[in-house]
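Shown next: my_file_17.cif, containing mmCIF, C-alpha atoms.
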```cif
data_upload
loop_
_atom_site.label_atom_id
_atom_site.label_comp_id
_atom_site.auth_asym_id
_atom_site.auth_seq_id
_atom_site.Cartn_x
_atom_site.Cartn_y
_atom_site.Cartn_z
CA MET A 1 188.40 -32.91 4.92
CA LEU A 2 190.34 -36.07 4.19
CA ARG A 3 193.46 -36.47 6.31
CA LEU A 4 195.63 -39.37 5.23
CA LYS A 5 198.60 -40.35 7.35
CA ARG A 6 200.97 -43.17 6.50
CA PRO A 7 203.89 -44.80 8.31
CA LEU A 8 207.33 -44.40 6.85
CA LEU A 9 207.34 -47.93 5.42
CA SER A 10 204.75 -48.89 2.84
CA SER A 11 202.95 -52.19 2.36
CA SER A 12 204.81 -52.44 -0.96
CA PRO A 13 208.05 -54.46 -0.61
CA ALA A 14 209.59 -52.64 -3.57
CA LEU A 15 208.82 -49.26 -2.07
CA ASN A 16 210.24 -50.39 1.27
CA ARG A 17 213.50 -51.38 -0.41
CA LEU A 18 213.75 -47.96 -2.01
CA THR A 19 213.01 -46.30 1.32
CA LEU A 20 215.63 -48.28 3.22
CA ALA A 21 218.20 -47.76 0.49
CA ALA A 22 217.63 -44.01 0.58
CA LEU A 23 217.95 -43.95 4.37
CA LEU A 24 221.17 -45.97 4.26
CA ALA A 25 222.67 -43.65 1.64
CA SER A 26 221.72 -40.67 3.77
CA ALA A 27 223.38 -42.21 6.83
CA LEU A 28 226.62 -42.95 4.97
CA ALA A 29 226.72 -39.37 3.70
CA THR A 30 226.70 -37.90 7.21
CA PRO A 31 229.95 -37.40 9.13
CA SER A 32 228.92 -39.74 11.92
CA GLY A 33 227.30 -42.32 9.68
CA ALA A 34 224.35 -42.38 12.09
CA LEU A 35 220.94 -43.32 10.74
CA GLU A 36 218.44 -40.71 11.82
CA VAL A 37 214.82 -41.04 10.69
CA THR A 38 212.92 -37.77 10.67
CA ALA A 39 209.70 -36.50 9.14
CA ALA A 40 211.79 -35.30 6.19
CA SER A 41 213.11 -38.83 5.49
CA GLU A 42 210.46 -39.70 2.93
CA PRO A 43 210.59 -41.90 -0.18
CA LEU A 44 209.30 -41.01 -3.63
CA HIS A 45 205.83 -39.85 -2.64
CA HIS A 46 206.08 -38.08 0.69
CA GLU A 47 203.34 -37.33 3.15
CA GLY A 48 200.60 -34.93 2.24
CA PHE A 49 199.87 -31.67 4.01
CA HIS A 50 198.08 -32.54 7.27
CA LYS A 51 195.86 -30.21 9.27
CA ASP A 52 193.40 -30.66 12.10
CA PHE A 53 189.91 -30.81 10.56
CA SER A 54 188.21 -32.22 13.65
CA ASN A 55 185.95 -29.21 14.32
CA ALA A 56 183.55 -29.45 11.38
CA HIS A 57 181.32 -26.60 12.51
CA ARG A 58 184.28 -24.23 12.66
CA TRP A 59 185.58 -25.31 9.26
CA SER A 60 182.13 -24.88 7.71
CA HIS A 61 182.50 -21.10 8.02
CA LYS A 62 185.49 -21.29 5.67
CA PHE A 63 184.51 -24.14 3.37
CA ASP A 64 180.92 -22.98 2.84
CA ASP A 65 181.58 -19.25 2.67
CA LYS A 66 179.49 -17.74 -0.13
CA LYS A 67 182.55 -15.85 -1.31
CA ARG A 68 184.02 -19.19 -2.35
CA ASP A 69 181.41 -19.55 -5.08
CA SER A 70 182.99 -16.74 -7.13
CA TRP A 71 186.21 -18.68 -7.71
CA GLN A 72 185.15 -22.29 -7.06
CA MET A 73 182.33 -21.92 -9.60
CA PRO A 74 180.52 -25.08 -8.41
CA ASP A 75 177.53 -24.94 -10.76
CA GLN A 76 179.66 -24.35 -13.85
CA LEU A 77 182.09 -27.05 -12.76
CA LEU A 78 179.45 -29.71 -12.19
CA LYS A 79 177.77 -28.82 -15.49
CA ALA A 80 181.09 -29.30 -17.28
CA LEU A 81 181.33 -32.87 -15.93
CA ASN A 82 178.23 -33.87 -17.96
CA LEU A 83 176.78 -36.12 -15.29
CA SER A 84 173.58 -38.05 -15.93
CA VAL A 85 170.84 -38.03 -13.28
CA HIS A 86 171.29 -41.68 -12.31
CA GLU A 87 175.05 -41.82 -11.74
CA THR A 88 176.72 -42.99 -8.53
CA VAL A 89 179.35 -40.53 -7.38
CA ALA A 90 181.76 -40.17 -4.47
CA ASP A 91 182.90 -36.82 -3.10
CA LEU A 92 186.24 -37.94 -1.63
CA GLY A 93 187.41 -35.63 1.13
CA ALA A 94 183.95 -34.10 1.25
CA GLY A 95 184.63 -31.91 4.28
CA THR A 96 181.42 -30.09 5.17
CA GLY A 97 179.69 -31.08 1.94
CA TYR A 98 180.20 -28.03 -0.28
CA PHE A 99 180.01 -30.22 -3.38
CA SER A 100 178.16 -33.18 -1.85
CA TRP A 101 174.75 -31.59 -1.49
CA ARG A 102 175.02 -29.96 -4.91
CA LEU A 103 175.78 -33.34 -6.45
CA ALA A 104 172.83 -34.91 -4.64
CA LYS A 105 170.46 -32.28 -6.04
CA LEU A 106 171.94 -32.72 -9.51
CA LEU A 107 171.55 -36.51 -9.43
CA PRO A 108 168.00 -37.13 -8.14
CA GLU A 109 167.96 -40.69 -9.49
CA GLY A 110 171.55 -41.39 -8.54
CA LYS A 111 173.54 -41.69 -5.33
CA VAL A 112 176.22 -39.56 -3.72
CA TYR A 113 178.71 -40.77 -1.12
CA ALA A 114 180.10 -37.87 0.91
CA ALA A 115 183.30 -39.59 2.03
CA ASP A 116 185.75 -38.36 4.65
CA SER A 117 188.20 -39.85 7.12
CA GLU A 118 187.48 -37.26 9.82
CA LYS A 119 184.75 -38.53 12.17
CA ASP A 120 183.37 -35.09 12.99
CA MET A 121 183.05 -34.31 9.27
CA VAL A 122 181.12 -37.53 8.70
CA LYS A 123 178.80 -36.62 11.57
CA TYR A 124 178.33 -33.15 10.09
CA LEU A 125 177.60 -34.61 6.65
CA THR A 126 175.00 -36.99 8.09
CA THR A 127 173.19 -34.04 9.66
CA LEU A 128 173.50 -32.05 6.42
CA ALA A 129 171.79 -34.79 4.40
CA ARG A 130 168.95 -34.96 6.91
CA LYS A 131 168.46 -31.19 7.13
CA ARG A 132 168.43 -30.77 3.35
CA LYS A 133 166.19 -33.86 2.98
CA LEU A 134 168.54 -35.50 0.50
CA ALA A 135 167.76 -39.20 0.62
CA ASN A 136 170.36 -39.95 -2.05
CA LEU A 137 173.21 -38.39 -0.05
CA ARG A 138 175.04 -40.76 2.27
CA ALA A 139 177.86 -39.74 4.59
CA LEU A 140 180.61 -42.34 4.57
CA SER A 141 183.68 -42.80 6.75
CA VAL A 142 186.68 -43.88 4.66
CA ASP A 143 189.87 -45.46 5.94
CA SER A 144 192.98 -43.30 5.73
CA HIS A 145 195.08 -46.02 4.15
CA THR A 146 192.74 -48.26 2.19
CA PRO A 147 189.75 -46.59 0.50
CA SER A 148 186.55 -48.61 0.41
CA PHE A 149 183.07 -47.99 -0.99
CA PRO A 150 179.87 -50.09 -0.78
CA GLU A 151 179.49 -50.25 -4.57
CA LYS A 152 181.03 -49.33 -7.90
CA LEU A 153 181.22 -45.65 -8.78
CA ASP A 154 180.82 -43.73 -12.02
CA LEU A 155 182.87 -40.80 -10.77
CA ILE A 156 185.09 -39.86 -7.86
CA LEU A 157 185.44 -36.13 -7.24
CA VAL A 158 188.53 -35.00 -5.31
CA VAL A 159 188.44 -31.25 -4.58
CA ASN A 160 191.24 -29.52 -2.66
CA THR A 161 192.16 -32.89 -1.16
CA TYR A 162 194.86 -34.39 -3.37
CA HIS A 163 197.66 -32.52 -1.60
CA HIS A 164 196.53 -33.99 1.75
CA ILE A 165 196.97 -37.61 0.63
CA ASP A 166 200.01 -39.69 1.49
CA TYR A 167 201.57 -42.09 -1.03
CA ARG A 168 199.18 -40.97 -3.71
CA PRO A 169 199.96 -43.47 -6.52
CA GLU A 170 199.42 -46.36 -4.13
CA TYR A 171 196.22 -44.87 -2.73
CA PHE A 172 194.65 -44.10 -6.11
CA SER A 173 195.67 -47.45 -7.51
CA LYS A 174 193.45 -49.04 -4.84
CA LEU A 175 190.54 -46.88 -5.96
CA LYS A 176 190.46 -48.53 -9.40
CA SER A 177 188.58 -51.52 -8.03
CA TYR A 178 185.68 -49.22 -7.08
CA LEU A 179 185.28 -47.58 -10.48
CA ASN A 180 182.78 -48.78 -13.05
CA LYS A 181 184.01 -49.44 -16.56
CA ASP A 182 184.93 -46.06 -18.03
CA GLY A 183 184.53 -44.49 -14.57
CA LYS A 184 186.38 -41.22 -13.96
CA ILE A 185 188.39 -39.53 -11.24
CA VAL A 186 188.31 -35.74 -11.24
CA ILE A 187 191.10 -34.04 -9.33
CA ILE A 188 190.77 -30.34 -8.57
CA ASP A 189 193.49 -28.66 -6.58
CA PHE A 190 195.26 -25.35 -6.17
CA LYS A 191 197.71 -24.21 -8.80
CA LYS A 192 201.30 -23.79 -7.72
CA ASP A 193 201.21 -20.06 -8.35
CA ALA A 194 202.62 -17.53 -5.89
CA GLN A 195 199.95 -15.01 -6.89
CA ILE A 196 197.24 -17.36 -5.59
CA THR A 197 197.40 -16.88 -1.84
CA ASP A 198 194.36 -18.96 -0.83
CA GLY A 199 194.82 -22.63 -0.11
CA PRO A 200 197.82 -24.53 1.26
CA PRO A 201 201.33 -23.04 1.43
CA GLN A 202 203.15 -23.02 -1.90
CA ASN A 203 205.63 -25.68 -0.80
CA MET A 204 202.79 -28.10 -0.04
CA ARG A 205 200.94 -27.70 -3.33
CA ILE A 206 201.13 -30.39 -5.98
CA ASP A 207 201.82 -29.10 -9.47
CA SER A 208 199.40 -30.33 -12.14
CA ARG A 209 202.25 -32.04 -14.02
CA GLN A 210 203.22 -33.96 -10.90
CA THR A 211 199.59 -34.91 -10.33
CA GLU A 212 199.37 -36.27 -13.87
CA SER A 213 202.63 -38.19 -13.44
CA GLU A 214 201.53 -39.74 -10.13
CA MET A 215 198.17 -40.74 -11.55
CA GLN A 216 199.91 -42.39 -14.50
CA GLN A 217 201.95 -44.39 -12.00
CA ALA A 218 198.68 -45.39 -10.33
CA GLY A 219 197.40 -46.76 -13.65
CA TYR A 220 195.35 -43.86 -15.02
CA LYS A 221 195.56 -41.67 -18.08
CA LEU A 222 194.54 -38.05 -18.45
CA LYS A 223 191.39 -37.83 -20.57
CA SER A 224 190.72 -34.10 -20.43
CA SER A 225 191.05 -31.00 -18.31
CA LEU A 226 189.00 -27.92 -17.44
CA ASP A 227 190.73 -24.57 -17.59
CA PHE A 228 188.16 -22.03 -16.44
CA LEU A 229 188.84 -22.16 -12.70
CA PRO A 230 190.95 -19.12 -11.73
CA ARG A 231 192.77 -20.67 -8.75
CA GLN A 232 192.75 -24.38 -9.46
CA TYR A 233 193.48 -26.94 -12.12
CA ALA A 234 190.92 -29.63 -12.92
CA LEU A 235 192.13 -32.93 -14.38
CA ILE A 236 189.88 -35.80 -15.47
CA PHE A 237 191.37 -39.30 -15.41
CA GLN A 238 190.27 -42.77 -16.45
CA GLU A 239 191.90 -46.11 -15.84
CA ASP A 240 194.53 -46.73 -18.48
CA GLY A 241 192.96 -48.97 -21.11
CA ALA A 242 189.44 -47.57 -20.72
CA LYS A 243 187.88 -46.09 -23.84
#
```
Rewrite the structure from the file as structure tokens, please.
Amino acid sequence: MLRLKRPLLSSSPALNRLTLAALLASALATPSGALEVTAASEPLHHEGFHKDFSNAHRWSHKFDDKKRDSWQMPDQLLKALNLSVHETVADLGAGTGYFSWRLAKLLPEGKVYAADSEKDMVKYLTTLARKRKLANLRALSVDSHTPSFPEKLDLILVVNTYHHIDYRPEYFSKLKSYLNKDGKIVIIDFKKDAQITDGPPQNMRIDSRQTESEMQQAGYKLKSSLDFLPRQYALIFQEDGAK
């Protein structure tokens, strides 16, 4: 699973100015006027929800549980994406490869990058590709701050990972350079619904409207959505200006 951690100050000068201004205002509002920086002192797009995903084998029991199929609906979901057999796809935050190996089987003439920032997950994914004899599946370690891929992609799939990412507009803006013309980013994450108890705590979930707003700030537009998943929303984006 992708774990993205970011220092308080961004590489963006404008964002840094906003951050410092907010901290100064907070300090002046306190009785002592002291400036105290805590984990809660975050600018517009705060840190994602971070967990320890270092033990891939242990997490595989949860991520690859057959019971997940009933609500994740992987076959129906991938069919709805209308992928052609030769496309190049990245599974960003691939975890233990729940979607990665399915994509590799679906795209026999294409290529799938199972990308994760957790070293043990990448090791697990490498073994998975070998065991399943999927020559078109490549495990890839991605940097937590600056995403990078060896080639242009037709689609980037982000499942149950968006809420883990820090400074999301900035991060996804960087991904644009790795998308082919008319390439897509598909974001699937848990609905902010108290009746849905699986997934991250309610206060760490990202509402679909916020996701759409942040992606617009990153330079994307919402092309379509899928509404058949019972616990998650599925939003399909393209770079703003693409047909």
**Message:** With all atoms listed in the file as the counted atoms, please give the residues lying no more than 12 Å from Leu153 (chain A), apart from itself and same-chain residues fewer than 4 positions off, as a PyMOL selection string.
**Reply:** chain A and resi 86-92+110-113+148-149+157+175-185
**Asked** Could you spell out the hits of the PyMOL selection byres ((chain A and resi 237) around 6) on the shown file, as a ChimeraX atom specification?
**Response** /A:184-185,221-223,236,238
Please save C-alpha atoms of the selected residues as a PDB file, in the coordinates of the input.
```pdb
ATOM      1  CA  LYS A 184     186.380 -41.220 -13.960  1.00  0.00           C
ATOM      2  CA  ILE A 185     188.390 -39.530 -11.240  1.00  0.00           C
ATOM      3  CA  LYS A 221     195.560 -41.670 -18.080  1.00  0.00           C
ATOM      4  CA  LEU A 222     194.540 -38.050 -18.450  1.00  0.00           C
ATOM      5  CA  LYS A 223     191.390 -37.830 -20.570  1.00  0.00           C
ATOM      6  CA  ILE A 236     189.880 -35.800 -15.470  1.00  0.00           C
ATOM      7  CA  GLN A 238     190.270 -42.770 -16.450  1.00  0.00           C
TER       8      GLN A 238
END
```
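Residues selected in this file by the PyMOL selection byres ((chain A and resi 203-205) around 10) comprise Glu47, Gly48, Phe49, His50, Asn160, Tyr162, His163, His164, Asp189, Phe190, Lys191, Lys192, Asp193, Gly199, Pro200, Pro201, Gln202, Ile206, Asp207 and Ser208 of chain A.
Residues matched by the PyMOL selection byres ((chain A and resi 98) around 10) in this file: Ser60, Phe63, Asp64, Asp65, Arg68, Asp69, Pro74, Asp91, Ala94, Gly95, Thr96, Gly97, Phe99, Ser100, Trp101, Arg102, Leu103, Ala114, Leu125 and Val159 of chain A.
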**Message:** One number please: CA of Val142 (chain A) to CA of Ser117 (chain A), in Å, one decimal.
**Reply:** 5.0 Å
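Between Gln195 (chain A) and the candidates A:Pro230, A:Val85, A:Gly93, A:Tyr171, the tightest atom-to-atom separation, counting all atoms listed in the file, involves A:Pro230.
Between CA of Leu77 (chain A) and CA of Ser225 (chain A) there is a distance of 11.3 Å.
Residue nearest Lys133 (chain A), chosen from A:Pro150, A:Pro169, A:Gly241, A:Pro108 and counting all atoms listed in the file: A:Pro108.
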**Asked** CA of Leu107 (chain A) and CA of Leu83 (chain A) are how many Å apart?
**Response** 7.9 Å
For region 212-231 of chain A, I'd like the enclosing box, axis-aligned and padded by 8 Å on every side, reported as JSON with centre and edge lengths in Å to one decimal.
```
{"center_x": 195.4, "center_y": -32.9, "center_z": -14.7, "size_x": 30.5, "size_y": 43.6, "size_z": 27.8}
```
